[in-house]
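Below is the file my_file-v3.cif, which contains mmCIF, C-alpha atoms.
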data_entry
#
loop_
_atom_site.group_PDB
_atom_site.id
_atom_site.type_symbol
_atom_site.label_atom_id
_atom_site.label_comp_id
_atom_site.auth_asym_id
_atom_site.auth_seq_id
_atom_site.Cartn_x
_atom_site.Cartn_y
_atom_site.Cartn_z
ATOM 1 C CA MET T 1 102.014 74.333 79.891
ATOM 2 C CA PRO T 2 104.419 77.311 79.922
ATOM 3 C CA ASN T 3 105.868 78.708 83.130
ATOM 4 C CA ARG T 4 103.896 81.668 84.410
ATOM 5 C CA ASP T 5 103.633 83.679 87.586
ATOM 6 C CA VAL T 6 101.147 81.466 89.355
ATOM 7 C CA PRO T 7 100.002 82.515 92.800
ATOM 8 C CA ALA T 8 102.861 82.062 95.246
ATOM 9 C CA THR T 9 100.475 80.026 97.384
ATOM 10 C CA GLU T 10 100.252 77.333 94.698
ATOM 11 C CA GLN T 11 101.084 74.155 96.598
ATOM 12 C CA ALA T 12 103.608 72.900 94.046
ATOM 13 C CA PHE T 13 105.678 76.103 94.457
ATOM 14 C CA VAL T 14 105.384 75.947 98.239
ATOM 15 C CA ASP T 15 106.469 72.276 98.250
ATOM 16 C CA ARG T 16 109.379 72.749 95.865
ATOM 17 C CA VAL T 17 110.811 76.064 97.037
ATOM 18 C CA ILE T 18 109.386 77.576 100.206
ATOM 19 C CA SER T 19 109.398 74.339 102.213
ATOM 20 C CA HIS T 20 113.077 73.743 101.462
ATOM 21 C CA ILE T 21 114.047 77.308 102.411
ATOM 22 C CA ILE T 22 112.455 76.934 105.850
ATOM 23 C CA GLY T 23 113.552 73.335 106.398
ATOM 24 C CA ARG T 24 110.144 71.667 106.177
ATOM 25 C CA GLU T 25 110.347 68.182 104.680
ATOM 26 C CA VAL T 26 107.923 67.362 101.883
ATOM 27 C CA SER T 27 107.005 63.687 101.718
ATOM 28 C CA ARG T 28 104.257 63.892 99.080
ATOM 29 C CA PRO T 29 104.639 67.045 96.952
ATOM 30 C CA ALA T 30 101.724 68.459 95.019
ATOM 31 C CA ALA T 31 101.706 67.859 91.285
ATOM 32 C CA SER T 32 103.349 70.601 89.265
ATOM 33 C CA THR T 33 101.145 72.575 86.892
ATOM 34 C CA SER T 34 104.053 72.575 84.422
ATOM 35 C CA GLY T 35 104.118 68.778 84.327
ATOM 36 C CA LYS T 36 107.720 68.693 85.537
ATOM 37 C CA PRO T 37 108.582 65.866 87.944
ATOM 38 C CA TYR T 38 109.425 66.561 91.572
ATOM 39 C CA ILE T 39 113.141 66.442 92.243
ATOM 40 C CA PRO T 40 113.813 66.430 95.991
ATOM 41 C CA PRO T 41 116.172 69.228 97.005
ATOM 42 C CA THR T 42 119.627 68.344 98.203
ATOM 43 C CA GLY T 43 121.722 70.235 100.700
ATOM 44 C CA PRO T 44 120.744 72.105 103.811
ATOM 45 C CA SER T 45 117.913 74.581 104.152
ATOM 46 C CA VAL T 46 118.533 78.090 105.463
ATOM 47 C CA ASP T 47 120.008 77.997 108.983
ATOM 48 C CA PRO T 48 118.527 81.073 110.695
ATOM 49 C CA ASP T 49 121.358 81.227 113.237
ATOM 50 C CA LEU T 50 123.778 82.082 110.434
ATOM 51 C CA PHE T 51 121.771 85.093 109.258
ATOM 52 C CA ASN T 52 120.038 86.716 112.225
ATOM 53 C CA GLY T 53 122.861 88.452 114.099
ATOM 54 C CA ASP T 54 123.061 92.224 114.328
ATOM 55 C CA GLN T 55 126.403 92.290 112.482
ATOM 56 C CA ASP T 56 125.587 89.686 109.822
ATOM 57 C CA GLY T 57 124.777 92.142 107.035
ATOM 58 C CA THR T 58 122.516 89.542 105.467
ATOM 59 C CA THR T 59 121.567 90.294 101.871
ATOM 60 C CA LEU T 60 119.159 88.183 99.842
ATOM 61 C CA TYR T 61 120.032 88.160 96.125
ATOM 62 C CA LEU T 62 117.151 87.042 93.899
ATOM 63 C CA GLN T 63 117.672 86.620 90.175
ATOM 64 C CA SER T 64 114.582 86.354 88.010
ATOM 65 C CA PRO T 65 113.633 86.803 84.372
ATOM 66 C CA LEU T 66 111.756 89.880 83.238
ATOM 67 C CA ALA T 67 108.217 89.465 81.958
ATOM 68 C CA ASP T 68 107.911 89.277 78.186
ATOM 69 C CA ASN T 69 108.176 92.698 76.527
ATOM 70 C CA SER T 70 109.023 94.457 79.793
ATOM 71 C CA GLU T 71 112.137 96.226 80.987
ATOM 72 C CA THR T 72 111.036 96.473 84.632
ATOM 73 C CA ARG T 73 108.340 93.890 85.492
ATOM 74 C CA TYR T 74 109.430 90.481 86.764
ATOM 75 C CA LYS T 75 107.926 87.343 85.247
ATOM 76 C CA TYR T 76 107.601 85.703 88.686
ATOM 77 C CA ASN T 77 106.988 88.713 90.932
ATOM 78 C CA SER T 78 104.609 86.940 93.324
ATOM 79 C CA ARG T 79 107.119 84.109 93.782
ATOM 80 C CA LEU T 80 109.917 86.579 94.537
ATOM 81 C CA SER T 81 107.755 88.246 97.174
ATOM 82 C CA ALA T 82 106.896 84.861 98.699
ATOM 83 C CA ILE T 83 110.590 83.937 98.930
ATOM 84 C CA GLU T 84 111.415 87.270 100.576
ATOM 85 C CA THR T 85 108.614 86.771 103.111
ATOM 86 C CA ALA T 86 109.598 83.157 103.849
ATOM 87 C CA VAL T 87 113.238 84.105 104.466
ATOM 88 C CA ARG T 88 112.284 87.097 106.630
ATOM 89 C CA ARG T 89 109.985 84.970 108.805
ATOM 90 C CA HIS T 90 112.450 82.091 108.973
ATOM 91 C CA ILE T 91 115.466 84.128 110.097
ATOM 92 C CA GLY T 92 113.437 86.511 112.246
ATOM 93 C CA ARG T 93 114.632 89.757 110.655
ATOM 94 C CA ARG T 94 114.354 91.682 107.405
ATOM 95 C CA PRO T 95 117.457 91.188 105.250
ATOM 96 C CA ALA T 96 118.503 93.623 102.548
ATOM 97 C CA VAL T 97 117.049 92.419 99.255
ATOM 98 C CA VAL T 98 118.616 92.779 95.823
ATOM 99 C CA ARG T 99 116.464 91.703 92.897
ATOM 100 C CA VAL T 100 118.469 91.160 89.743
ATOM 101 C CA PRO T 101 116.441 91.014 86.531
ATOM 102 C CA TYR T 102 117.576 89.338 83.362
ATOM 103 C CA ARG T 103 116.261 88.983 79.837
ATOM 104 C CA ARG T 104 115.746 85.271 79.285
ATOM 105 C CA LEU T 105 116.859 83.576 76.118
ATOM 106 C CA ASN T 106 114.135 83.291 73.484
ATOM 107 C CA TYR T 107 114.081 79.685 72.318
ATOM 108 C CA SER T 108 112.062 76.498 72.622
ATOM 109 C CA TYR T 109 112.779 72.803 72.295
ATOM 110 C CA ASN T 110 111.203 71.000 69.367
ATOM 111 C CA ARG T 111 110.497 67.425 70.480
ATOM 112 C CA GLN T 112 109.982 66.261 66.919
ATOM 113 C CA THR T 113 113.375 67.406 65.648
ATOM 114 C CA GLN T 114 114.992 67.193 69.108
ATOM 115 C CA GLN T 115 116.539 70.599 68.481
ATOM 116 C CA ASN T 116 116.406 73.982 70.192
ATOM 117 C CA GLU T 117 114.774 76.584 67.963
ATOM 118 C CA GLY T 118 114.301 80.325 68.046
ATOM 119 C CA PRO T 119 116.312 83.522 67.735
ATOM 120 C CA ASP T 120 118.462 82.819 70.826
ATOM 121 C CA ALA T 121 118.975 79.059 70.346
ATOM 122 C CA GLY T 122 122.614 79.622 69.387
ATOM 123 C CA LEU T 123 123.267 81.371 72.706
ATOM 124 C CA ILE T 124 122.364 78.398 74.926
ATOM 125 C CA ASN T 125 125.318 77.731 77.267
ATOM 126 C CA ARG T 126 127.266 80.517 75.528
ATOM 127 C CA SER T 127 125.612 83.628 76.935
ATOM 128 C CA HIS T 128 125.857 85.048 80.452
ATOM 129 C CA ARG T 129 122.125 85.882 80.361
ATOM 130 C CA GLY T 130 120.419 84.369 83.406
ATOM 131 C CA MET T 131 123.628 82.849 84.749
ATOM 132 C CA SER T 132 124.828 83.244 88.321
ATOM 133 C CA LEU T 133 127.621 81.936 90.485
ATOM 134 C CA PHE T 134 128.145 82.265 94.229
ATOM 135 C CA GLN T 135 131.499 81.445 95.792
ATOM 136 C CA TYR T 136 132.430 81.280 99.481
ATOM 137 C CA HIS T 137 135.794 80.610 101.047
ATOM 138 C CA PRO T 138 136.476 80.477 104.812
ATOM 139 C CA ASN T 139 139.839 82.232 104.338
ATOM 140 C CA ALA T 140 139.168 84.394 101.277
ATOM 141 C CA LEU T 141 140.457 87.544 102.974
ATOM 142 C CA GLY T 142 143.404 85.872 104.729
ATOM 143 C CA GLN T 143 144.007 85.421 108.465
ATOM 144 C CA ASN T 144 140.975 83.097 108.743
ATOM 145 C CA ARG T 145 138.574 85.794 107.560
ATOM 146 C CA PRO T 146 135.832 84.401 105.315
ATOM 147 C CA GLY T 147 134.661 86.073 102.158
ATOM 148 C CA TRP T 148 132.289 85.589 99.287
ATOM 149 C CA ARG T 149 131.634 86.838 95.795
ATOM 150 C CA ILE T 150 128.635 86.653 93.545
ATOM 151 C CA PHE T 151 128.444 86.930 89.781
ATOM 152 C CA LEU T 152 125.009 87.712 88.355
ATOM 153 C CA GLU T 153 125.231 87.792 84.574
ATOM 154 C CA ALA T 154 127.863 90.471 83.929
ATOM 155 C CA ALA T 155 127.550 91.967 87.436
ATOM 156 C CA TYR T 156 129.911 91.236 90.314
ATOM 157 C CA ARG T 157 129.910 91.961 94.050
ATOM 158 C CA ASP T 158 131.938 90.638 96.963
ATOM 159 C CA SER T 159 131.973 90.652 100.758
ATOM 160 C CA THR T 160 134.315 93.654 100.857
ATOM 161 C CA GLY T 161 131.854 95.822 98.922
ATOM 162 C CA ASN T 162 133.722 95.688 95.619
ATOM 163 C CA SER T 163 131.469 95.676 92.604
ATOM 164 C CA GLY T 164 132.019 95.143 88.912
ATOM 165 C CA ASN T 165 128.668 96.577 87.918
ATOM 166 C CA ASN T 166 126.723 99.449 89.468
ATOM 167 C CA ARG T 167 123.404 97.640 88.953
ATOM 168 C CA ILE T 168 123.769 95.359 91.975
ATOM 169 C CA ALA T 169 126.011 97.684 93.966
ATOM 170 C CA ALA T 170 123.361 100.395 94.091
ATOM 171 C CA GLN T 171 120.622 97.974 95.146
ATOM 172 C CA ALA T 172 122.724 96.446 97.926
ATOM 173 C CA GLN T 173 123.231 99.754 99.760
#
Produce structure tokens that represent the structure in this file.
Amino acid sequence: MPNRDVPATEQAFVDRVISHIIGREVSRPAASTSGKPYIPPTGPSVDPDLFNGDQDGTTLYLQSPLADNSETRYKYNSRLSAIETAVRRHIGRRPAVVRVPYRRLNYSYNRQTQQNEGPDAGLINRSHRGMSLFQYHPNALGQNRPGWRIFLEAAYRDSTGNSGNNRIAAQAQ
């Protein structure tokens, strides 16, 4: 079954994403409607004490594919809204939110031939579409001042406000 924007209350989505964000352990996750197996998350959930101070400047960056044949509508809009709500409730304040859309690669995997097929199959692992990277360093700015930077496709932003693409800079204001 293809991925679709199922209701954000679907238990499989809540078990796999929302529960981890808020630190709720899931011992018996609901079956996924996509048929994908449950892979327990690793790493810590969101620590609200790190993001609820008046001077934190917390910004939530959410990257999501656009709906098919759309330049503005997100494929998983209800899930994005559910994540925003879960984070807001968990940290006890409303962070700035930057939604970053991307055009997903158009390909599928053929189980018979065990090959990727479609117009974008040659771009798999070679295109920046849908790719992101977040980096943090406790002394990025020198003198024990931490800093971060985020790359979202061809866009760039860092903790000093520098931006390599106006798309995310404008949203983060």
Q. Of the candidates T:Pro146, T:Ile18, T:His137, T:Pro44, which shows the shortest atom-to-atom distance to Ser81 in chain T, using only C-alpha atoms?
A.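 Once distances to Ser81 in chain T are computed over only C-alpha atoms, the minimum belongs to T:Ile18.
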Q.
Starting from the PyMOL selection byres ((chain T and resi 26-28) around 10), expand the selection into actual residues of this file and give them as a ChimeraX atom specification.
A. /T:14-16,19-20,23-25,29-31,38,40-41
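Under the PyMOL selection byres ((chain T and resi 151) around 12), the matching residues in the shown file are Tyr61, Gln63, Val100, His128, Arg129, Gly130, Met131, Ser132, Leu133, Phe134, Gln135, Tyr136, Trp148, Arg149, Ile150, Leu152, Glu153, Ala154, Ala155, Tyr156, Arg157, Asp158, Asn162, Ser163, Gly164, Asn165, Arg167, Ile168 and Ala169 of chain T.
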Restricting the output to C-alpha atoms, write the selected residues as a PDB file, keeping the file's coordinate frame.
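And here's selection-v2.pdb as it stands now:
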ATOM      1  CA  TYR T  61     120.032  88.160  96.125  1.00  0.00           C
ATOM      2  CA  GLN T  63     117.672  86.620  90.175  1.00  0.00           C
ATOM      3  CA  VAL T 100     118.469  91.160  89.743  1.00  0.00           C
ATOM      4  CA  HIS T 128     125.857  85.048  80.452  1.00  0.00           C
ATOM      5  CA  ARG T 129     122.125  85.882  80.361  1.00  0.00           C
ATOM      6  CA  GLY T 130     120.419  84.369  83.406  1.00  0.00           C
ATOM      7  CA  MET T 131     123.628  82.849  84.749  1.00  0.00           C
ATOM      8  CA  SER T 132     124.828  83.244  88.321  1.00  0.00           C
ATOM      9  CA  LEU T 133     127.621  81.936  90.485  1.00  0.00           C
ATOM     10  CA  PHE T 134     128.145  82.265  94.229  1.00  0.00           C
ATOM     11  CA  GLN T 135     131.499  81.445  95.792  1.00  0.00           C
ATOM     12  CA  TYR T 136     132.430  81.280  99.481  1.00  0.00           C
ATOM     13  CA  TRP T 148     132.289  85.589  99.287  1.00  0.00           C
ATOM     14  CA  ARG T 149     131.634  86.838  95.795  1.00  0.00           C
ATOM     15  CA  ILE T 150     128.635  86.653  93.545  1.00  0.00           C
ATOM     16  CA  LEU T 152     125.009  87.712  88.355  1.00  0.00           C
ATOM     17  CA  GLU T 153     125.231  87.792  84.574  1.00  0.00           C
ATOM     18  CA  ALA T 154     127.863  90.471  83.929  1.00  0.00           C
ATOM     19  CA  ALA T 155     127.550  91.967  87.436  1.00  0.00           C
ATOM     20  CA  TYR T 156     129.911  91.236  90.314  1.00  0.00           C
ATOM     21  CA  ARG T 157     129.910  91.961  94.050  1.00  0.00           C
ATOM     22  CA  ASP T 158     131.938  90.638  96.963  1.00  0.00           C
ATOM     23  CA  ASN T 162     133.722  95.688  95.619  1.00  0.00           C
ATOM     24  CA  SER T 163     131.469  95.676  92.604  1.00  0.00           C
ATOM     25  CA  GLY T 164     132.019  95.143  88.912  1.00  0.00           C
ATOM     26  CA  ASN T 165     128.668  96.577  87.918  1.00  0.00           C
ATOM     27  CA  ARG T 167     123.404  97.640  88.953  1.00  0.00           C
ATOM     28  CA  ILE T 168     123.769  95.359  91.975  1.00  0.00           C
ATOM     29  CA  ALA T 169     126.011  97.684  93.966  1.00  0.00           C
TER      30      ALA T 169
END
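CA of Tyr76 in chain T lies 7.0 Å from CA of Ser64 in chain T.
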Q: In Å, rounded to a single decimal, give me how far CA of Gly35 in chain T is from CA of Arg111 in chain T.
A: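 Computed distance, CA of Arg111 in chain T to CA of Gly35 in chain T, equals 15.3 Å.
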Six-sided padding of 6 Å per side, axis-aligned box over range 128-136 of chain T, centre and edges in Å, one decimal, as JSON:
{"center_x": 126.4, "center_y": 83.6, "center_z": 89.9, "size_x": 24.0, "size_y": 16.6, "size_z": 31.1}
Q. How far is it from CA of Ala140 in chain T to CA of Val87 in chain T, in Å with one decimal?
A.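 Computing it gives 26.1 Å between the two atoms.
Comparing the minimum interatomic distances between Arg79 in chain T and each of T:Ile91, T:Ser45, T:Lys36, T:Leu62, counting only C-alpha atoms, we find that T:Leu62 sits nearest.
Among the candidates T:Asn77, T:Arg93, T:Pro119, T:Gly142, the one nearest to Asp49 in chain T when counting all atoms listed in the file is T:Arg93.
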(Q) Could you list, as a count of residues only, every residue within 12 Å of Arg89 in chain T, counting all atoms listed in the file and ignoring same-chain residues fewer than 4 positions away? (A) 14
Q: Considering all atoms listed in the file, state which residue in the set T:Ser34, T:Arg104, T:Gly92, T:Gln114 is at the smallest distance from Gly53 in chain T.
A: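 Among the listed residues, the smallest separation from Gly53 in chain T belongs to T:Gly92.
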Q.
Could you check the closest approach to Leu60 in chain T for each of T:Arg88, T:Arg73, T:Gly122, T:Val98 and tell me which residue wins, using all atoms listed in the file?
A. T:Val98
Q) Out of T:Arg103, T:Thr58, T:Gly161, T:Ser32, which residue has the shortest atom-to-atom distance to Ser70 in chain T when counting only C-alpha atoms? A)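 Ranking T:Arg103, T:Thr58, T:Gly161, T:Ser32 by distance to Ser70 in chain T, first place goes to T:Arg103.
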